[in-house]
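Trainee: Dropping a structure here in structure tokens format, bear with me for questions.
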Amino acid sequence: MDFGYSREEEEYRERLCRFLDENLTEEIARQNWEDRGVGSEGREFSRKLAAYGFLGMSWPKEYGGKGLSPTYEFILLDELGKRWGCHVPLDVGYTMVGPTILRRGSEALKSEFLPRIIEGEIEFCLGYTEPNSGSDLASMQMKAVEEGDYFIVNGQKTFNTECHYSEYHWLAARTDQSRGAPKYKGISLFIVDMDSPGITIRPLWTMSGERTNEVYYDNVKVPRHRMVGEKNMGFYYMMEAIGSERNQVFIPMRLYSLLQELVQYARDTHHNGRPLAEDPLVRDRLAQAAIELEVARVLADHSRWLESNHMPLSYEPEITKIFTSEMEQRLVDTGMQLLGAFGLLMEDSPRVPMRGRLAWYYLHSFMTTIGAGTSEIGRSVIAQRGLGLPRSY
Amino acid sequence: MDFHFTEEQRILRKTARDFLEANCSASFVLEMEKDEKGYKEDLWLKMSELGWMGLIIPEEYDGVGGNLLDLVVMFEEMGRVCLPGPFFSTIALGALSIMESADDGLKSEFLPAISRGELKLTMAHEEPDFTRYDPYSVGLKAIKKGDAFLLSGTKMFVPDAHVADSIICVARTDGQPPARYGLSLFIVDAGSKGLNLRPLKTMAGDKQFEVSFNDVRVSKGALLGRLDRGSDLLDSILRKAVVCKCAEMLGGAQKVLEMASGYAKEREQFGKPIGSFQAVQHHCANMLIDIEGSRYLIYKVAWLLSQGIPAVMETAACKSWVSEAFKKVVSLGHQVQGATAYMIEHDMPLYSRRARIAEMSLGDGRYHRTVVASQLGL
Ligand SMILES: Cc1cc2nc3c(=O)[nH]c(=O)nc-3n(C[C@H](O)[C@H](O)[C@H](O)COP(=O)(O)OP(=O)(O)OC[C@H]3O[C@@H](n4cnc5c(N)ncnc54)[C@H](O)[C@@H]3O)c2cc1C
């Protein structure tokens, strides 16, 4: 057993921390985390992160990476997360799309996209969900019909979040229309230029003020070479990537900053002359939150360790996802109990504590157990893959 | 025992439901959240024509002479549609205060005008220096000067202060916070010199204010109840207001359950309605369990209070339980309805945002559990 990091890894962390303390601001963190859209500051930060050599540590050298262990990526995600819950600014490309291109893409796709992802230059948005296909993703209806060197794509996607500022749509569409074929066997993955003629994007605003989108395709021509891997294998590629995606998206340390702010609030705030920190109830709840964060961290570390050592990922990342997302909801409730009515105040209100972050976290907390797959589906995955229980749907 | 509402109460509910469904759509609520005033005067007048302002006011003061259970029915229906505006402040905080004070002069002065929809009231109670809810943590001072009192201090989370004609202000006339002794209630003209409002911005776009009092002068006739012994009066007002707040939450929770279970029957994934999956069924059943517990507790407390029984323990239990229940119901409501319900124009966020406002209003669960603990003799 060894729960530590190597000297090289610790040195990387130290360099990274110095860089982040100088370059990362709350505004940049929020542009990414709140999906307000990564603006010019976020883009610049992304390029700088790459220029200083903090991106691509585990990626192959031939595409601009350093060929080291994924542990470095997790150090990066933890240190970013500790600071206002930040993530890699262009995270869909970096943590989700890139690894699949690397695994399944043609040589041409790899050399076209991977270097630019590692340079922090380009972003993708995920084109999976449709109005009638949420949890049942394999039932998607978006159609891609082969015509010579192109696919002609028609249909609608929804809740595709980063589309309004990313360069490419990572699109899943049906390429086998034949009846009777199992629905998960007829899906392919494509990389589509967001500015292709025939694509229309309409904003959908969430209850916490983030933007996501509906995306309509009307006879959009997608070159054949932009198909990822083999035709009709898309669903398998999506599923094989999901464990690693969970490892890179559900970062317990992203909740660390909220916990720290609540602790600070409890120390600084008085009621009838005594700091809230002296109230046994406050101590108990904040201690419980810290305990849950410890648990979330070992869960995440375990499934990261599997991934870093190229062992198969099964139900483990799903446990991290469910635990971390549900812990976030409990932490927010703890915060609300601590701040009382003051926690209702939004960031531009008089007398608002903690810059209104808690009210925002509350509004946001409803999506954590839905986005990227619901807790219900996740629990079925755990029961089936982890325990061999029979399928019921 | 009888769990039935009377025929009149059933008619009242139906009238309220029909009227509110026709006049208070979700888009209207959203519009009012952004509106500075937060309600429409013509809707207020229509509600007053229906006799709603006078529902709980005795007939001798031009009211309908209803009881607390009638009012519970009304608030349930209002909570169901998230009715914006100063009805709760005017009736549950205002009219009830004056009725509880048993001051005939004030009753004749205020109640008939409230009944006619001509007067709006609110209560200023919490303060910014007290970071946790506690009704006796009051520092705002009222100092006697000849025949009058001068009020100085700052109040927080005062609902609808911008449209209230009068504000019932809880002030300290003796002792130090958080002593129960030494509180007095005054009814202050909202146009008084020295009174300043600052709008707060909450997550539900309801209208709450910081109200500062700089030597605001009130006559001694503005005293509600007894000098220095206002806590007993305050307690009895707050118990009734609490049950009204709980009824509002119940109406909201019921609506959320209807939305979620309706959606579970319609939305199909994997070739079946999602409501046929046990995980979703359990969510819906858990919502119903929490709502049923809330419902009968609220009705019981309203009945106890309307019988003149103080029901200190039951009222505190009710606010604590219903606040938690409403929170759980909105979480499950979101969970069942997926990404669609996370969008701002969906009805769900109206309720999930209000669940938090209502939780904190008139004391959160934490505070009310301290009351229950004291009642247990702890
Ligand atoms: C903020 C946000 C951002 C998103 N961004 C993207 C994006 O960028 N790209 C993208 O493609 N998608 C995105 N999504 C969509 C997300 O992946 C879906 O919301 C998710 O897969 C669930 O689908 P649904 O919302 O349609 O819920 P549904 O599938 O309709 O589920 C509704 C309820 O039924 C339950 N349920 C369904 N089937 C079963 C079953 N078999 N057993 C038990 N319970 C079941 C669910 O758990 C849930 O409680 C985003 C969602 C959100 C909220």
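Going by the structure tokens order, chains are called A, B, ..., each with residues numbered from 1, while ligands are numbered from 1 in the order shown.
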Just want the 10 Å neighbourhood of Ile291 (chain B), counted on only C-alpha atoms, with same-chain residues fewer than 4 positions away dropped. Output as a PDB file with C-alpha atoms, in the first residue's frame.
Mentor:
```
ATOM      1  CA  MET B 249     -45.432  24.914   1.665  1.00  0.00           C
ATOM      2  CA  LEU B 250     -47.922  22.055   1.638  1.00  0.00           C
ATOM      3  CA  GLY B 251     -49.700  23.523  -1.383  1.00  0.00           C
ATOM      4  CA  ALA B 253     -45.276  20.332  -2.266  1.00  0.00           C
ATOM      5  CA  GLN B 254     -48.563  18.858  -3.423  1.00  0.00           C
ATOM      6  CA  LEU B 257     -45.809  15.775  -6.478  1.00  0.00           C
ATOM      7  CA  ALA B 285     -44.010   7.286  -2.910  1.00  0.00           C
ATOM      8  CA  ASN B 286     -41.492   9.006  -0.629  1.00  0.00           C
ATOM      9  CA  MET B 287     -42.858  12.353  -1.701  1.00  0.00           C
ATOM     10  CA  ARG B 295     -50.735  17.663   5.694  1.00  0.00           C
ATOM     11  CA  TYR B 296     -52.312  16.135   8.776  1.00  0.00           C
ATOM     12  CA  LEU B 297     -49.833  17.772  11.115  1.00  0.00           C
ATOM     13  CA  VAL B 322     -42.790  20.624   6.907  1.00  0.00           C
ATOM     14  CA  ALA B 325     -40.456  17.670   3.893  1.00  0.00           C
ATOM     15  CA  PHE B 326     -40.854  20.414   1.291  1.00  0.00           C
ATOM     16  CA  LYS B 328     -37.089  16.623   0.190  1.00  0.00           C
ATOM     17  CA  VAL B 329     -40.114  16.828  -2.086  1.00  0.00           C
TER      18      VAL B 329
END
```
Trainee: Dump as CSV the rows for residues of chain B within 7 Å of ligand 1: closest atom pair and distance in Å with one decimal, only C-alpha atoms and all ligand atoms counted, ordered by chain and rising residue number.
Mentor:
```
residue,atom,partner,partner_atom_place_in_ligand_line,distance
B:Arg267,CA,ligand 1,30 (O),6.4
B:Gln269,CA,ligand 1,38 (N),5.5
B:Phe270,CA,ligand 1,41 (N),6.5
B:Ile274,CA,ligand 1,34 (O),5.1
B:Phe277,CA,ligand 1,43 (C),4.9
B:Gln278,CA,ligand 1,43 (C),6.5
B:Ala279,CA,ligand 1,43 (C),4.9
B:Val280,CA,ligand 1,44 (N),5.4
B:Gln335,CA,ligand 1,49 (O),4.7
B:Val336,CA,ligand 1,49 (O),3.9
B:Gln337,CA,ligand 1,32 (C),5.0
B:Gly338,CA,ligand 1,25 (O),3.7
B:Ala339,CA,ligand 1,25 (O),3.7
B:Thr340,CA,ligand 1,25 (O),6.0
B:Tyr342,CA,ligand 1,53 (C),6.1
```
Trainee: Output as a ChimeraX atom specification the set of chain B residues within 9 Å of chain A, with distances taken over only C-alpha atoms.
Mentor: /B:128-133,137,157,177-178,198-204,210,267-271,277,279-280,331,334-335,338-346,349,352-353,356-357,359-361,363-366
Trainee: In terms of the shortest atom-to-atom distance over only C-alpha atoms, which of B:Gly262, B:Phe5, B:Leu185, B:Ala26 is closest to Cys82 (chain B)?
Mentor: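 Once distances to Cys82 (chain B) are computed over only C-alpha atoms, the minimum belongs to B:Ala26.
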Trainee: Give me, as a list in words, all polymer residues having an atom no more than 7 Å from region 101-114 of chain A, counting only C-alpha atoms and skipping those fewer than 3 positions away in the same chain.
Mentor: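 Listing them by chain and then by number gives Tyr63, Val97, Gly98, Ile117, Ile118, Val228 and Gly229 of chain A.
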Trainee: What's the 8 Å shell around Ile122 (chain A), counting only C-alpha atoms, without same-chain residues fewer than 5 positions away, as a ChimeraX atom specification?
Mentor: /A:90,93,116-117,166-167
Trainee: How would the residues just picked look written out with C-alpha atoms as a compact mmCIF listing (two decimals), in the first residue's frame?
Mentor:
```txt
# COMPACT_ATOMS: atom_id res chain seq x y z
CA LEU A 90 -11.70 23.52 -22.12
CA GLY A 93 -12.05 18.22 -25.23
CA ARG A 116 -4.51 21.50 -30.39
CA ILE A 117 -6.32 20.00 -27.39
CA SER A 166 -16.83 25.49 -28.68
CA GLU A 167 -15.35 24.86 -32.11
```
Trainee: Point out the residue among B:Ser374, B:Thr90, B:Asn214, B:Gln176 with the least atom-to-atom distance to Ser192 (chain B), counting only C-alpha atoms.
Mentor: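 Closest to Ser192 (chain B) of all the choices is B:Asn214.
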Trainee: Taking only region 21-175 of chain A into account, list the residues labelled helix (DSSP H, G or I) by DSSP (computed from the backbone), as an MDAnalysis selection string.
Mentor: chainID A and resid 21:23 26:33 40:51 61:63 71:82 91:104 107:118 137:139 161:164
Trainee: Please compute the CA of Asn32 (chain A)-CA of Arg15 (chain A) distance, one decimal, in Å.
Mentor: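 Distance between the two atoms: 22.4 Å.
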Trainee: Between CA of Ala241 (chain B) and CA of Ala92 (chain B), measure the distance and give it in Å to one decimal.
Mentor: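 Answer for the CA of Ala241 (chain B) to CA of Ala92 (chain B) separation: 5.0 Å.
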Trainee: Quick one: everything within 12 Å of region 290-293 of chain A, counting only C-alpha atoms, minus sequence neighbours fewer than 5 positions away in the same chain. Send it as a compact mmCIF listing (two decimals) with N, CA and C atoms, in the first residue's frame.
Mentor:
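The result, stored in out.txt:
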```txt
# COMPACT_ATOMS: atom_id res chain seq x y z
N ILE A 251 -14.66 15.41 -9.33
CA ILE A 251 -13.44 15.66 -8.58
C ILE A 251 -13.84 16.11 -7.17
N PRO A 252 -13.70 15.25 -6.17
CA PRO A 252 -14.12 15.66 -4.82
C PRO A 252 -13.50 16.98 -4.38
N MET A 253 -12.25 17.22 -4.79
CA MET A 253 -11.60 18.45 -4.33
C MET A 253 -12.31 19.71 -4.82
N ARG A 254 -13.16 19.58 -5.79
CA ARG A 254 -13.92 20.76 -6.22
C ARG A 254 -14.88 21.23 -5.12
N LEU A 255 -15.16 20.36 -4.14
CA LEU A 255 -16.03 20.78 -3.04
C LEU A 255 -15.24 21.33 -1.85
N TYR A 256 -13.92 21.19 -1.93
CA TYR A 256 -13.07 21.62 -0.84
C TYR A 256 -13.22 23.12 -0.57
N SER A 257 -13.27 23.90 -1.65
CA SER A 257 -13.30 25.35 -1.44
C SER A 257 -14.61 25.77 -0.78
N LEU A 258 -15.70 25.12 -1.13
CA LEU A 258 -16.98 25.45 -0.48
C LEU A 258 -16.92 25.11 1.01
N LEU A 259 -16.39 23.94 1.32
CA LEU A 259 -16.27 23.55 2.73
C LEU A 259 -15.40 24.54 3.49
N GLN A 260 -14.28 24.93 2.88
CA GLN A 260 -13.38 25.89 3.55
C GLN A 260 -14.08 27.22 3.81
N LEU A 262 -17.24 27.70 4.24
CA LEU A 262 -18.24 27.53 5.31
C LEU A 262 -17.54 27.53 6.67
N VAL A 263 -16.39 26.86 6.74
CA VAL A 263 -15.63 26.84 7.99
C VAL A 263 -15.23 28.27 8.37
N ARG A 283 -20.58 22.52 14.55
CA ARG A 283 -19.35 21.71 14.52
C ARG A 283 -19.65 20.32 13.98
N ASP A 284 -20.76 19.76 14.45
CA ASP A 284 -21.11 18.41 14.04
C ASP A 284 -21.36 18.34 12.53
N ARG A 285 -22.10 19.29 12.02
CA ARG A 285 -22.45 19.22 10.59
C ARG A 285 -21.24 19.48 9.71
N VAL A 298 -11.02 9.14 -1.10
CA VAL A 298 -10.44 7.79 -1.26
C VAL A 298 -11.18 7.01 -2.34
N LEU A 299 -12.48 7.25 -2.46
CA LEU A 299 -13.21 6.58 -3.55
C LEU A 299 -12.63 7.00 -4.90
N ALA A 300 -12.44 8.32 -5.04
CA ALA A 300 -11.89 8.82 -6.30
C ALA A 300 -10.47 8.30 -6.51
N THR A 320 -17.86 6.79 -7.32
CA THR A 320 -17.32 8.14 -7.10
C THR A 320 -18.32 9.20 -7.55
N PHE A 323 -21.44 9.27 -5.19
CA PHE A 323 -21.10 9.76 -3.85
C PHE A 323 -20.78 11.25 -3.88
N THR A 324 -19.97 11.65 -4.86
CA THR A 324 -19.55 13.05 -4.91
C THR A 324 -20.73 13.97 -5.22
N SER A 325 -21.58 13.56 -6.15
CA SER A 325 -22.68 14.44 -6.54
C SER A 325 -23.72 14.54 -5.41
N GLU A 326 -23.94 13.45 -4.71
CA GLU A 326 -24.92 13.51 -3.62
C GLU A 326 -24.32 14.20 -2.39
N MET A 327 -23.02 14.03 -2.23
CA MET A 327 -22.35 14.74 -1.14
C MET A 327 -22.45 16.25 -1.35
N GLU A 328 -22.36 16.65 -2.60
CA GLU A 328 -22.46 18.08 -2.88
C GLU A 328 -23.82 18.61 -2.40
N GLN A 329 -24.87 17.85 -2.66
CA GLN A 329 -26.20 18.31 -2.23
C GLN A 329 -26.28 18.39 -0.70
N ARG A 330 -25.68 17.41 -0.03
CA ARG A 330 -25.71 17.46 1.45
C ARG A 330 -24.88 18.63 1.98
N LEU A 331 -23.73 18.87 1.32
CA LEU A 331 -22.87 19.97 1.76
C LEU A 331 -23.59 21.31 1.61
N THR A 334 -25.99 21.67 4.39
CA THR A 334 -25.25 22.05 5.60
C THR A 334 -24.96 23.55 5.58
```
Trainee: Near region 121-125 of chain B, within 9 Å and counting only C-alpha atoms, which residues show up once chain neighbours fewer than 4 positions away are dropped, as a ChimeraX atom specification?
Mentor: /B:86-95,97,114,135,138,155-161,163-171,187,211
Trainee: List the spatial neighbours of Asn232 (chain A) as a PyMOL selection string - criterion: any atom at most 6 Å away, only C-alpha atoms, same-chain residues fewer than 6 positions off excluded.
Mentor: chain A and resi 185-188
Trainee: Please dump the current selection as a short mmCIF file (atom, residue, chain, number, x, y, z; two decimals), in the first residue's frame; keep N, CA and C atoms.
Mentor:
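And here is the file that came out, out01.cif:
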```cif
data_model
loop_
_atom_site.label_atom_id
_atom_site.label_comp_id
_atom_site.auth_asym_id
_atom_site.auth_seq_id
_atom_site.Cartn_x
_atom_site.Cartn_y
_atom_site.Cartn_z
N LYS A 185 -26.46 -0.80 -31.54
CA LYS A 185 -25.47 -1.23 -32.54
C LYS A 185 -25.45 -0.36 -33.79
N GLY A 186 -26.29 0.67 -33.83
CA GLY A 186 -26.35 1.46 -35.07
C GLY A 186 -25.94 2.91 -34.90
N ILE A 187 -25.03 3.19 -33.94
CA ILE A 187 -24.68 4.58 -33.64
C ILE A 187 -23.21 4.83 -33.96
N SER A 188 -22.92 5.99 -34.55
CA SER A 188 -21.53 6.34 -34.84
C SER A 188 -21.21 7.70 -34.24
#
```
Trainee: Work out how far CA of Glu21 (chain B) is from CA of Glu41 (chain B), in Å to one decimal.
Mentor: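 Computed distance, CA of Glu41 (chain B) to CA of Glu21 (chain B), equals 17.6 Å.
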Trainee: What parts of region 92-332 of chain A does DSSP call strand (DSSP E)? I'd like the answer as a VMD selection string.
Mentor: chain A and resid 124 to 127 143 to 147 150 to 157 168 to 174 187 to 193 199 to 205 211 to 223 227 to 228 270 to 271 274 to 275
